>>> print(open('data.tsv').read())   # TSV, C-alpha atoms
chain	number	residue	atom	x	y	z
A	38	MET	CA	35.46	142.96	132.04
A	39	VAL	CA	33.75	140.19	130.09
A	40	GLY	CA	32.43	141.27	126.69
A	41	ARG	CA	28.73	141.08	125.96
A	42	ARG	CA	27.52	138.10	124.01
A	43	PRO	CA	26.79	138.95	120.33
A	44	THR	CA	23.07	139.08	119.57
A	45	LEU	CA	20.98	138.29	116.51
A	46	GLU	CA	20.56	142.03	116.06
A	47	ALA	CA	24.33	142.53	115.96
A	48	VAL	CA	24.71	139.79	113.36
A	49	ALA	CA	21.88	141.31	111.30
A	50	ALA	CA	23.52	144.75	111.42
A	51	ARG	CA	26.90	143.36	110.38
A	52	ALA	CA	25.39	141.33	107.51
A	53	ARG	CA	23.01	144.18	106.49
A	54	VAL	CA	19.98	141.86	106.57
A	55	SER	CA	16.91	141.57	108.78
A	56	ARG	CA	16.87	139.84	112.14
A	57	ALA	CA	14.36	137.32	110.71
A	58	THR	CA	16.83	136.38	107.97
A	59	VAL	CA	19.58	135.77	110.51
A	60	SER	CA	17.18	133.61	112.55
A	61	ARG	CA	16.29	131.51	109.50
A	62	VAL	CA	19.97	130.94	108.66
A	63	VAL	CA	21.12	129.94	112.18
A	64	ASN	CA	18.13	127.59	112.54
A	65	GLY	CA	19.01	125.77	109.33
A	66	ARG	CA	16.21	126.98	107.09
A	67	THR	CA	16.88	126.53	103.39
A	68	THR	CA	14.58	129.28	102.09
A	69	VAL	CA	17.24	132.00	102.23
A	70	ASP	CA	18.96	133.66	99.27
A	71	PRO	CA	22.47	132.15	98.97
A	72	ARG	CA	24.12	135.60	98.98
A	73	MET	CA	22.28	136.58	102.17
A	74	ARG	CA	23.15	133.23	103.74
A	75	GLU	CA	26.84	133.78	102.96
A	76	ALA	CA	26.72	137.29	104.45
A	77	VAL	CA	25.06	136.01	107.63
A	78	LEU	CA	27.52	133.16	108.08
A	79	ARG	CA	30.43	135.55	107.56
A	80	ALA	CA	29.01	137.90	110.21
A	81	VAL	CA	28.43	134.98	112.60
A	82	ASP	CA	32.08	133.99	112.19
A	83	GLU	CA	33.42	137.52	112.59
A	84	LEU	CA	31.39	138.26	115.72
A	85	GLY	CA	31.73	134.82	117.29
A	86	TYR	CA	27.96	134.50	117.60
A	87	VAL	CA	26.69	131.35	119.36
A	88	PRO	CA	22.95	130.51	119.11
A	89	ASN	CA	21.10	130.63	122.42
A	90	SER	CA	19.98	127.02	122.88
A	91	ALA	CA	17.64	127.93	125.74
A	92	ALA	CA	15.82	130.48	123.62
A	93	ARG	CA	15.70	128.11	120.69
A	94	SER	CA	14.14	125.40	122.87
A	95	LEU	CA	11.34	127.80	123.80
A	96	VAL	CA	10.50	128.08	120.12
A	97	THR	CA	11.03	124.47	119.03
A	98	ARG	CA	9.99	122.93	122.39
A	99	GLN	CA	12.92	120.54	121.98
A	100	THR	CA	15.61	120.13	124.65
A	101	ASP	CA	17.78	117.64	122.72
A	102	SER	CA	18.00	115.67	125.99
A	103	ILE	CA	16.75	112.14	126.68
A	104	ALA	CA	16.27	110.71	130.18
A	105	LEU	CA	17.69	107.24	130.83
A	106	VAL	CA	15.75	106.10	133.89
A	107	VAL	CA	17.15	103.13	135.81
A	108	SER	CA	14.64	101.72	138.29
A	109	GLU	CA	17.27	100.59	140.79
A	110	PRO	CA	18.99	102.15	143.83
A	111	PRO	CA	22.50	103.62	143.39
A	112	THR	CA	24.10	100.67	145.20
A	113	ARG	CA	22.78	98.36	142.46
A	114	VAL	CA	23.53	100.60	139.48
A	115	PHE	CA	27.10	101.33	140.57
A	116	SER	CA	27.87	97.77	141.64
A	117	ASP	CA	29.95	95.15	139.83
A	118	ASP	CA	27.19	94.48	137.29
A	119	PRO	CA	28.69	95.63	133.96
A	120	LEU	CA	25.37	95.61	132.09
A	121	PHE	CA	24.23	98.96	133.46
A	122	SER	CA	27.37	100.79	132.34
A	123	LEU	CA	27.28	99.10	128.93
A	124	VAL	CA	23.66	100.13	128.34
A	125	VAL	CA	24.39	103.72	129.42
A	126	ARG	CA	27.51	103.94	127.27
A	127	THR	CA	25.82	102.49	124.18
A	128	ALA	CA	22.71	104.66	124.51
A	129	SER	CA	24.86	107.76	125.05
A	130	ASN	CA	26.92	107.06	121.93
A	131	GLU	CA	23.85	106.46	119.79
A	132	LEU	CA	22.11	109.59	121.04
A	133	GLU	CA	25.22	111.72	120.66
A	134	ALA	CA	25.40	110.65	117.02
A	135	ALA	CA	21.82	111.90	116.67
A	136	GLY	CA	22.60	115.24	118.28
A	137	LYS	CA	21.06	114.31	121.65
A	138	GLN	CA	22.43	113.89	125.14
A	139	VAL	CA	21.58	111.50	127.97
A	140	VAL	CA	20.36	112.54	131.40
A	141	LEU	CA	20.89	109.57	133.76
A	142	MET	CA	18.20	109.37	136.43
A	143	LEU	CA	17.87	106.73	139.17
A	144	ALA	CA	14.37	105.77	140.25
A	145	GLY	CA	14.84	103.04	142.83
A	146	SER	CA	12.57	104.53	145.51
A	147	PRO	CA	9.20	106.35	145.66
A	148	PRO	CA	10.82	109.77	146.30
A	149	ALA	CA	13.18	109.20	143.37
A	150	GLN	CA	10.27	108.16	141.16
A	151	ALA	CA	8.41	111.35	142.10
A	152	ARG	CA	11.46	113.45	141.21
A	153	VAL	CA	11.78	111.78	137.82
A	154	GLU	CA	8.08	112.28	137.07
A	155	GLY	CA	8.31	115.97	138.01
A	156	TYR	CA	11.43	116.47	135.91
A	157	VAL	CA	9.86	114.92	132.82
A	158	ALA	CA	6.55	116.75	133.38
A	159	GLY	CA	8.53	120.00	133.52
A	160	GLY	CA	9.53	119.55	129.88
A	161	HIS	CA	13.24	119.08	130.55
A	162	VAL	CA	13.62	116.07	128.22
A	163	ASP	CA	12.27	115.05	124.82
A	164	GLY	CA	11.89	111.36	125.66
A	165	VAL	CA	12.43	108.66	128.29
A	166	MET	CA	14.23	105.29	128.17
A	167	PHE	CA	13.45	102.85	130.99
A	168	VAL	CA	15.98	100.25	132.16
A	169	SER	CA	15.57	97.48	134.75
A	170	MET	CA	11.86	97.96	135.43
A	171	HIS	CA	10.07	96.00	138.14
A	172	GLY	CA	6.43	94.97	138.12
A	173	ALA	CA	5.29	97.28	140.91
A	174	ASP	CA	6.93	100.38	139.39
A	175	PRO	CA	4.25	103.08	138.86
A	176	LEU	CA	6.57	105.38	136.91
A	177	PRO	CA	6.16	103.98	133.35
A	178	ALA	CA	2.39	104.49	133.43
A	179	ALA	CA	2.80	107.97	134.92
A	180	ILE	CA	5.30	109.03	132.26
A	181	ALA	CA	3.24	107.50	129.46
A	182	ARG	CA	0.29	109.68	130.52
A	183	LEU	CA	2.43	112.79	130.00
A	184	GLY	CA	2.54	112.16	126.27
A	185	VAL	CA	6.36	112.04	126.15
A	186	PRO	CA	7.95	109.44	123.82
A	187	VAL	CA	8.91	106.41	125.95
A	188	VAL	CA	10.74	103.15	125.30
A	189	SER	CA	11.85	100.26	127.51
A	190	TYR	CA	15.05	98.21	127.59
A	191	GLY	CA	13.35	94.83	127.93
A	192	ARG	CA	9.71	93.86	127.80
A	193	PRO	CA	7.86	95.88	130.47
A	194	ALA	CA	6.65	93.99	133.51
A	195	VAL	CA	3.77	96.41	133.96
A	196	GLU	CA	0.50	96.64	132.05
A	197	VAL	CA	1.56	99.63	129.96
A	198	ASP	CA	1.74	99.65	126.19
A	199	LEU	CA	5.35	100.79	125.73
A	200	PRO	CA	7.67	100.20	122.77
A	201	TYR	CA	10.55	97.98	123.84
A	202	ALA	CA	13.75	96.28	122.74
A	203	ASP	CA	14.38	92.87	124.29
A	204	ASN	CA	16.32	89.67	123.76
A	205	ASP	CA	14.98	86.13	123.58
A	206	ASN	CA	15.25	85.38	127.30
A	207	ALA	CA	13.10	82.24	127.23
A	208	GLY	CA	14.81	80.91	124.11
A	209	GLY	CA	18.25	81.51	125.57
A	210	ALA	CA	17.35	79.65	128.76
A	211	ARG	CA	16.06	76.73	126.68
A	212	GLN	CA	19.39	76.64	124.82
A	213	ALA	CA	21.27	76.52	128.12
A	214	VAL	CA	19.23	73.68	129.61
A	215	ARG	CA	19.22	71.65	126.38
A	216	HIS	CA	23.00	71.94	126.34
A	217	LEU	CA	23.07	70.42	129.84
A	218	LEU	CA	20.64	67.67	128.87
A	219	ALA	CA	22.73	66.83	125.79
A	220	ALA	CA	25.72	66.42	128.10
A	221	GLY	CA	23.82	63.79	130.08
A	222	ARG	CA	22.82	65.95	133.03
A	223	ARG	CA	19.43	65.14	134.55
A	224	ARG	CA	19.25	66.74	138.00
A	225	ILE	CA	19.35	70.30	136.73
A	226	ALA	CA	18.56	73.02	139.24
A	227	ALA	CA	17.94	76.71	138.51
A	228	ILE	CA	18.92	79.98	140.14
A	229	ALA	CA	16.14	82.22	138.89
A	230	GLY	CA	16.18	86.00	138.64
A	231	PRO	CA	13.67	88.33	140.34
A	232	GLN	CA	10.14	87.31	139.44
A	233	ASP	CA	8.88	90.90	139.24
A	234	MET	CA	11.11	91.41	136.17
A	235	THR	CA	10.34	89.93	132.77
A	236	ALA	CA	13.93	88.76	132.25
A	237	GLY	CA	13.65	86.73	135.47
A	238	GLN	CA	10.24	85.39	134.53
A	239	ASP	CA	11.10	84.48	130.94
A	240	ARG	CA	14.40	82.78	131.76
A	241	LEU	CA	12.66	80.63	134.37
A	242	THR	CA	9.96	79.77	131.83
A	243	GLY	CA	12.59	78.71	129.30
A	244	TYR	CA	14.31	76.54	131.91
A	245	ARG	CA	11.07	74.74	132.75
A	246	ASP	CA	10.10	74.34	129.09
A	247	ALA	CA	13.43	72.70	128.24
A	248	LEU	CA	13.18	70.19	131.07
A	249	GLY	CA	9.90	68.94	129.62
A	250	SER	CA	9.33	65.35	130.66
A	251	VAL	CA	12.55	64.91	132.66
A	252	ARG	CA	11.45	62.88	135.65
A	253	HIS	CA	13.45	64.67	138.32
A	254	ARG	CA	11.54	67.44	140.07
A	255	PRO	CA	13.44	70.63	139.23
A	256	ALA	CA	14.74	72.59	142.21
A	257	VAL	CA	14.55	76.38	141.91
A	258	ALA	CA	15.99	79.10	144.14
A	259	VAL	CA	15.38	82.76	143.41
A	260	GLY	CA	18.15	85.39	143.48
A	261	ASP	CA	18.27	89.09	142.66
A	262	PHE	CA	20.85	89.04	139.83
A	263	THR	CA	23.74	89.74	142.23
A	264	ARG	CA	26.77	87.56	142.92
A	265	ASP	CA	25.95	87.20	146.62
A	266	SER	CA	22.41	86.05	145.88
A	267	GLY	CA	23.76	83.41	143.49
A	268	ALA	CA	26.10	82.07	146.15
A	269	GLU	CA	23.29	81.87	148.70
A	270	ALA	CA	20.87	80.31	146.21
A	271	MET	CA	23.45	77.64	145.33
A	272	ARG	CA	23.85	76.83	149.03
A	273	ARG	CA	20.09	76.31	149.37
A	274	LEU	CA	19.94	74.17	146.23
A	275	LEU	CA	22.67	71.85	147.51
A	276	GLU	CA	20.79	71.45	150.77
A	277	ASP	CA	17.58	70.68	148.87
A	278	ASP	CA	19.20	68.20	146.46
A	279	PRO	CA	22.78	67.15	147.30
A	280	ALA	CA	22.80	64.89	144.21
A	281	LEU	CA	22.12	67.67	141.65
A	282	ASP	CA	24.52	67.50	138.71
A	283	ALA	CA	23.92	70.84	136.97
A	284	VAL	CA	22.64	74.34	137.57
A	285	PHE	CA	21.35	77.03	135.23
A	286	ALA	CA	21.77	80.55	136.63
A	287	ALA	CA	19.66	83.32	135.13
A	288	ASN	CA	22.64	85.65	134.86
A	289	ASP	CA	26.43	85.39	134.98
A	290	LEU	CA	26.90	87.20	138.28
A	291	MET	CA	24.69	84.65	140.04
A	292	ALA	CA	26.53	81.86	138.20
A	293	ILE	CA	29.85	83.24	139.48
A	294	GLY	CA	28.42	83.23	143.00
A	295	ALA	CA	27.32	79.63	142.46
A	296	LEU	CA	30.84	78.64	141.38
A	297	HIS	CA	32.17	80.07	144.66
A	298	THR	CA	29.70	78.04	146.74
A	299	LEU	CA	30.38	74.84	144.81
A	300	ARG	CA	34.12	75.25	145.30
A	301	ARG	CA	33.66	75.74	149.05
A	302	ALA	CA	31.41	72.68	149.16
A	303	GLY	CA	34.10	70.55	147.49
A	304	ARG	CA	32.13	70.07	144.26
A	305	ARG	CA	34.19	70.00	141.07
A	306	VAL	CA	32.93	71.96	138.05
A	307	PRO	CA	32.00	70.50	135.64
A	308	ASP	CA	32.86	66.97	136.83
A	309	ASP	CA	30.37	66.93	139.70
A	310	VAL	CA	28.16	69.91	138.83
A	311	ALA	CA	27.97	71.68	135.47
A	312	VAL	CA	27.14	75.41	135.51
A	313	VAL	CA	25.64	77.62	132.79
A	314	GLY	CA	24.97	81.35	133.12
A	315	PHE	CA	23.28	84.02	131.04
A	316	ASP	CA	24.56	87.36	129.59
A	317	ASP	CA	28.19	86.55	128.60
A	318	ILE	CA	29.73	89.40	130.57
A	319	GLU	CA	33.49	89.84	130.22
A	320	ALA	CA	34.17	88.17	133.59
A	321	ALA	CA	32.61	84.93	132.30
A	322	ARG	CA	35.80	84.23	130.31
A	323	PHE	CA	37.98	84.54	133.40
A	324	THR	CA	36.19	82.39	135.96
A	325	ASP	CA	37.68	79.07	137.06
A	326	PRO	CA	36.69	77.21	135.00
A	327	PRO	CA	35.57	79.66	132.26
A	328	LEU	CA	31.80	79.95	132.29
A	329	THR	CA	29.49	78.48	129.68
A	330	THR	CA	26.77	81.05	129.17
A	331	VAL	CA	24.15	82.54	126.86
A	332	ARG	CA	25.16	85.69	125.02
A	333	HIS	CA	22.79	88.57	125.71
A	334	PRO	CA	23.25	91.14	122.88
A	335	VAL	CA	23.41	94.18	125.17
A	336	VAL	CA	24.91	96.64	122.69
A	337	GLU	CA	22.49	95.68	119.93
A	338	GLN	CA	19.53	95.83	122.31
A	339	ALA	CA	20.47	99.29	123.61
A	340	THR	CA	20.97	100.48	120.04
A	341	GLU	CA	17.51	99.25	119.06
A	342	MET	CA	16.04	100.94	122.14
A	343	VAL	CA	17.39	104.31	120.97
A	344	ARG	CA	16.24	103.71	117.41
A	345	LEU	CA	12.71	102.91	118.60
A	346	LEU	CA	12.64	106.11	120.65
A	347	LEU	CA	13.87	108.37	117.85
A	348	THR	CA	11.81	106.80	115.06
A	349	PRO	CA	8.04	107.41	115.26
A	350	ALA	CA	6.00	104.18	115.27
A	351	GLU	CA	4.11	105.19	112.15
A	352	GLN	CA	7.41	105.36	110.26
A	353	GLN	CA	8.85	102.05	111.42
A	354	GLY	CA	5.71	99.90	111.52
A	355	ARG	CA	6.59	98.08	114.75
A	356	THR	CA	6.72	98.88	118.43
A	357	HIS	CA	9.08	96.21	119.72
A	358	VAL	CA	12.17	94.23	118.77
A	359	VAL	CA	13.29	90.87	120.19
A	360	LEU	CA	16.89	89.91	119.41
A	361	PRO	CA	18.24	86.34	119.27
A	362	THR	CA	20.59	84.89	121.87
A	363	GLU	CA	23.52	82.51	121.41
A	364	LEU	CA	25.00	79.76	123.59
A	365	VAL	CA	28.72	80.26	124.29
A	366	ALA	CA	30.21	76.92	125.35
A	367	ARG	CA	33.21	77.00	127.69
A	368	GLU	CA	34.65	74.64	130.30
A	369	SER	CA	32.05	74.94	133.10
A	370	ALA	CA	29.48	72.79	131.23
>>> encode(input="data.tsv", output="structure tokens")
Amino acid sequence: MVGRRPTLEAVAARARVSRATVSRVVNGRTTVDPRMREAVLRAVDELGYVPNSAARSLVTRQTDSIALVVSEPPTRVFSDDPLFSLVVRTASNELEAAGKQVVLMLAGSPPAQARVEGYVAGGHVDGVMFVSMHGADPLPAAIARLGVPVVSYGRPAVEVDLPYADNDNAGGARQAVRHLLAAGRRRIAAIAGPQDMTAGQDRLTGYRDALGSVRHRPAVAVGDFTRDSGAEAMRRLLEDDPALDAVFAANDLMAIGALHTLRRAGRRVPDDVAVVGFDDIEAARFTDPPLTTVRHPVVEQATEMVRLLLTPAEQQGRTHVVLPTELVARESA
């Protein structure tokens, strides 16, 4: 037979104090006589009392849980893209250090979005972090209306005033293209990311800004940040301009796909076509040749996202952070 769980009343009886005194001690109040506090803590230890977190949450209205909402289907989240797992791991570590836990929720379809909205509206989490948002996603506005603290990994693509942590996507793309121009490349194509995401938009903007007055009409093909889409986009670009001598891909997975297509087409990298990616994922160091890319500070960005969520805006004086990027030169360009 399993023993009954010790109650506040049992602790109070053992310590010879009131139930209210025990409650103040276990909830961390400092306005308790030191001798009474010592008696309560001794009774807690002797009885093996564990505070009822569910009951405490009814009083404090805090769940100590934060929802990490990824606006992608499971096939995308659990694919070979390492950024999702790195963001989740970093956010989890930061929240754990703050006494919180992460609830991972996928919102890549209307039914999934409705489930997330209902879960948050039900008071099951103290805040929401959005990752990989698309422009048509109605969920950020719906969650914002609930009055729950919200923050976004990346500048939101929707017209909602959300705090966010981002990196300098446009500036990083400019660095990449200027590196190609400095190497004497002039027919520089681009494999852009999805244009309903701000990372895709901003990296394409940076590419076009850097080209400036270069006479050659830039060729652009749009992918979806996956390796397969990069391979297909590279095939279309070669058909459009067989004489192109460089390509900027808006993320490393698409750049890796481009390398595969170029190899199959008999183009040498970087001799015939130079390739630059974006993100600096671990696989970028092991491609053939190793990939020149722009470092996206994923860990730092996820850390800032958590900090923005846990620190009220009136205390920090700002609602968004944009981190710098860095060109990492390797053999592909």
>>> atom_distance(input="data.tsv", atom1="CA of Asp205 in chain A", atom2="CA of Ala128 in chain A")
20.1 Å
>>> closest_atom_pairs(input="data.tsv", of="range 314-367 of chain A", to="range 281-302 of chain A", cutoff="12 Å", atoms="only C-alpha atoms", output="Markdown table")
| residue | atom | partner | partner_atom | distance |
| --- | --- | --- | --- | --- |
| A:Gly314 | CA | A:Asp289 | CA | 4.7 |
| A:Phe315 | CA | A:Asn288 | CA | 4.2 |
| A:Asp316 | CA | A:Asn288 | CA | 5.9 |
| A:Asp317 | CA | A:Asp289 | CA | 6.7 |
| A:Ile318 | CA | A:Asp289 | CA | 6.8 |
| A:Glu319 | CA | A:Asp289 | CA | 9.6 |
| A:Ala320 | CA | A:Asp289 | CA | 8.3 |
| A:Ala321 | CA | A:Asp289 | CA | 6.8 |
| A:Arg322 | CA | A:Asp289 | CA | 10.5 |
| A:Phe323 | CA | A:Ile293 | CA | 10.2 |
| A:Thr324 | CA | A:Ile293 | CA | 7.3 |
| A:Asp325 | CA | A:Leu296 | CA | 8.1 |
| A:Pro326 | CA | A:Leu296 | CA | 8.8 |
| A:Pro327 | CA | A:Ile293 | CA | 9.9 |
| A:Leu328 | CA | A:Asp289 | CA | 8.1 |
| A:Thr329 | CA | A:Asp289 | CA | 9.2 |
| A:Thr330 | CA | A:Asp289 | CA | 7.3 |
| A:Val331 | CA | A:Asn288 | CA | 8.7 |
| A:Arg332 | CA | A:Asp289 | CA | 10.0 |
| A:His333 | CA | A:Asn288 | CA | 9.6 |
>>> atom_distance(input="data.tsv", atom1="CA of Leu78 in chain A", atom2="CA of Gln138 in chain A")
26.2 Å
>>> closest_residue(input="data.tsv", among="A:Ala151, A:Val165, A:Leu199, A:Val124", to="Val335 in chain A", atoms="only C-alpha atoms")
A:Val124
>>> residues_around(input="data.tsv", residues="range 221-226 of chain A", least_positions_apart="5", cutoff="12 Å", atoms="all atoms listed in the file", output="CSV table (one decimal) with C-alpha atoms, in the frame of the given file")
chain,number,residue,atom,x,y,z
A,213,ALA,CA,21.3,76.5,128.1
A,214,VAL,CA,19.2,73.7,129.6
A,215,ARG,CA,19.2,71.6,126.4
A,216,HIS,CA,23.0,71.9,126.3
A,241,LEU,CA,12.7,80.6,134.4
A,244,TYR,CA,14.3,76.5,131.9
A,245,ARG,CA,11.1,74.7,132.8
A,247,ALA,CA,13.4,72.7,128.2
A,248,LEU,CA,13.2,70.2,131.1
A,249,GLY,CA,9.9,68.9,129.6
A,250,SER,CA,9.3,65.4,130.7
A,251,VAL,CA,12.6,64.9,132.7
A,252,ARG,CA,11.4,62.9,135.6
A,253,HIS,CA,13.4,64.7,138.3
A,254,ARG,CA,11.5,67.4,140.1
A,255,PRO,CA,13.4,70.6,139.2
A,256,ALA,CA,14.7,72.6,142.2
A,257,VAL,CA,14.6,76.4,141.9
A,258,ALA,CA,16.0,79.1,144.1
A,259,VAL,CA,15.4,82.8,143.4
A,270,ALA,CA,20.9,80.3,146.2
A,271,MET,CA,23.4,77.6,145.3
A,272,ARG,CA,23.8,76.8,149.0
A,273,ARG,CA,20.1,76.3,149.4
A,274,LEU,CA,19.9,74.2,146.2
A,275,LEU,CA,22.7,71.8,147.5
A,276,GLU,CA,20.8,71.4,150.8
A,277,ASP,CA,17.6,70.7,148.9
A,278,ASP,CA,19.2,68.2,146.5
A,279,PRO,CA,22.8,67.2,147.3
A,280,ALA,CA,22.8,64.9,144.2
A,281,LEU,CA,22.1,67.7,141.6
A,282,ASP,CA,24.5,67.5,138.7
A,283,ALA,CA,23.9,70.8,137.0
A,284,VAL,CA,22.6,74.3,137.6
A,285,PHE,CA,21.4,77.0,135.2
A,286,ALA,CA,21.8,80.6,136.6
A,287,ALA,CA,19.7,83.3,135.1
A,292,ALA,CA,26.5,81.9,138.2
A,295,ALA,CA,27.3,79.6,142.5
A,307,PRO,CA,32.0,70.5,135.6
A,308,ASP,CA,32.9,67.0,136.8
A,309,ASP,CA,30.4,66.9,139.7
A,310,VAL,CA,28.2,69.9,138.8
A,311,ALA,CA,28.0,71.7,135.5
A,312,VAL,CA,27.1,75.4,135.5
A,313,VAL,CA,25.6,77.6,132.8
A,370,ALA,CA,29.5,72.8,131.2
>>> residues_around(input="data.tsv", residues="Leu347 in chain A", least_positions_apart="3", cutoff="9 Å", atoms="all atoms listed in the file", output="list in words")
Leu132, Ala135, Gly164, Pro186, Met342, Val343 and Arg344 of chain A
>>> write_last_selection(input="data.tsv", atoms="C-alpha atoms", output="mmCIF file, in the coordinates of the input")
data_model
loop_
_atom_site.group_PDB
_atom_site.id
_atom_site.type_symbol
_atom_site.label_atom_id
_atom_site.label_comp_id
_atom_site.auth_asym_id
_atom_site.auth_seq_id
_atom_site.Cartn_x
_atom_site.Cartn_y
_atom_site.Cartn_z
ATOM 1 C CA LEU A 132 22.110 109.590 121.040
ATOM 2 C CA ALA A 135 21.820 111.900 116.670
ATOM 3 C CA GLY A 164 11.890 111.360 125.660
ATOM 4 C CA PRO A 186 7.950 109.440 123.820
ATOM 5 C CA MET A 342 16.040 100.940 122.140
ATOM 6 C CA VAL A 343 17.390 104.310 120.970
ATOM 7 C CA ARG A 344 16.240 103.710 117.410
#
>>> residues_around(input="data.tsv", residues="Ser129 in chain A", least_positions_apart="3", cutoff="12 Å", atoms="all atoms listed in the file", output="list in words")
Ser102, Ile103, Ala104, Leu105, Ser122, Leu123, Val124, Val125, Arg126, Leu132, Glu133, Ala134, Ala135, Gly136, Lys137, Gln138, Val139, Val140, Leu141, Met166, Val336, Ala339, Thr340, Met342 and Val343 of chain A
>>> residues_around(input="data.tsv", residues="Asp261 in chain A", least_positions_apart="6", cutoff="8 Å", atoms="all atoms listed in the file", output="JSON, numbers by chain")
{"A": [230, 231, 267]}
>>> closest_residue(input="data.tsv", among="A:Ala181, A:Val306, A:Val157, A:Met234", to="Ala194 in chain A", atoms="only C-alpha atoms")
A:Met234
>>> closest_residue(input="data.tsv", among="A:Thr68, A:Val106, A:Gly243, A:Val114", to="Leu176 in chain A", atoms="only C-alpha atoms")
A:Val106
>>> closest_residue(input="data.tsv", among="A:Leu360, A:Ala229, A:Val107, A:Ala219", to="Asn204 in chain A", atoms="only C-alpha atoms")
A:Leu360
>>> residues_near_point(input="data.tsv", point="(11.3, 100.2, 127.0)", cutoff="7 Å", atoms="only C-alpha atoms", output="list in words")
Met166, Phe167, Val168, Val187, Val188, Ser189, Tyr190, Gly191, Arg192, Pro193, Leu199, Pro200, Tyr201, Ala202 and Met342 of chain A
>>> build_atoms(input="data.tsv", residues="range 333-345 of chain A", atoms="N, CA and C atoms", output="short mmCIF file (atom, residue, chain, number, x, y, z; two decimals), in the frame of the given file")
data_model
loop_
_atom_site.label_atom_id
_atom_site.label_comp_id
_atom_site.auth_asym_id
_atom_site.auth_seq_id
_atom_site.Cartn_x
_atom_site.Cartn_y
_atom_site.Cartn_z
N HIS A 333 23.86 87.59 125.73
CA HIS A 333 22.79 88.57 125.71
C HIS A 333 23.30 89.76 124.90
N PRO A 334 22.71 90.09 123.75
CA PRO A 334 23.25 91.14 122.88
C PRO A 334 22.96 92.54 123.42
N VAL A 335 23.69 92.94 124.46
CA VAL A 335 23.41 94.18 125.17
C VAL A 335 23.56 95.40 124.27
N VAL A 336 24.66 95.48 123.55
CA VAL A 336 24.91 96.64 122.69
C VAL A 336 23.83 96.77 121.63
N GLU A 337 23.51 95.66 120.98
CA GLU A 337 22.49 95.68 119.93
C GLU A 337 21.12 96.06 120.50
N GLN A 338 20.83 95.55 121.69
CA GLN A 338 19.53 95.83 122.31
C GLN A 338 19.41 97.30 122.69
N ALA A 339 20.49 97.87 123.26
CA ALA A 339 20.47 99.29 123.61
C ALA A 339 20.38 100.16 122.37
N THR A 340 21.04 99.74 121.30
CA THR A 340 20.97 100.48 120.04
C THR A 340 19.55 100.48 119.48
N GLU A 341 18.90 99.34 119.54
CA GLU A 341 17.51 99.25 119.06
C GLU A 341 16.58 100.08 119.93
N MET A 342 16.86 100.13 121.24
CA MET A 342 16.04 100.94 122.14
C MET A 342 16.07 102.41 121.70
N VAL A 343 17.26 102.92 121.41
CA VAL A 343 17.39 104.31 120.97
C VAL A 343 16.70 104.52 119.64
N ARG A 344 16.87 103.57 118.73
CA ARG A 344 16.24 103.71 117.41
C ARG A 344 14.72 103.76 117.53
N LEU A 345 14.16 102.91 118.40
CA LEU A 345 12.71 102.91 118.60
C LEU A 345 12.24 104.25 119.16
#
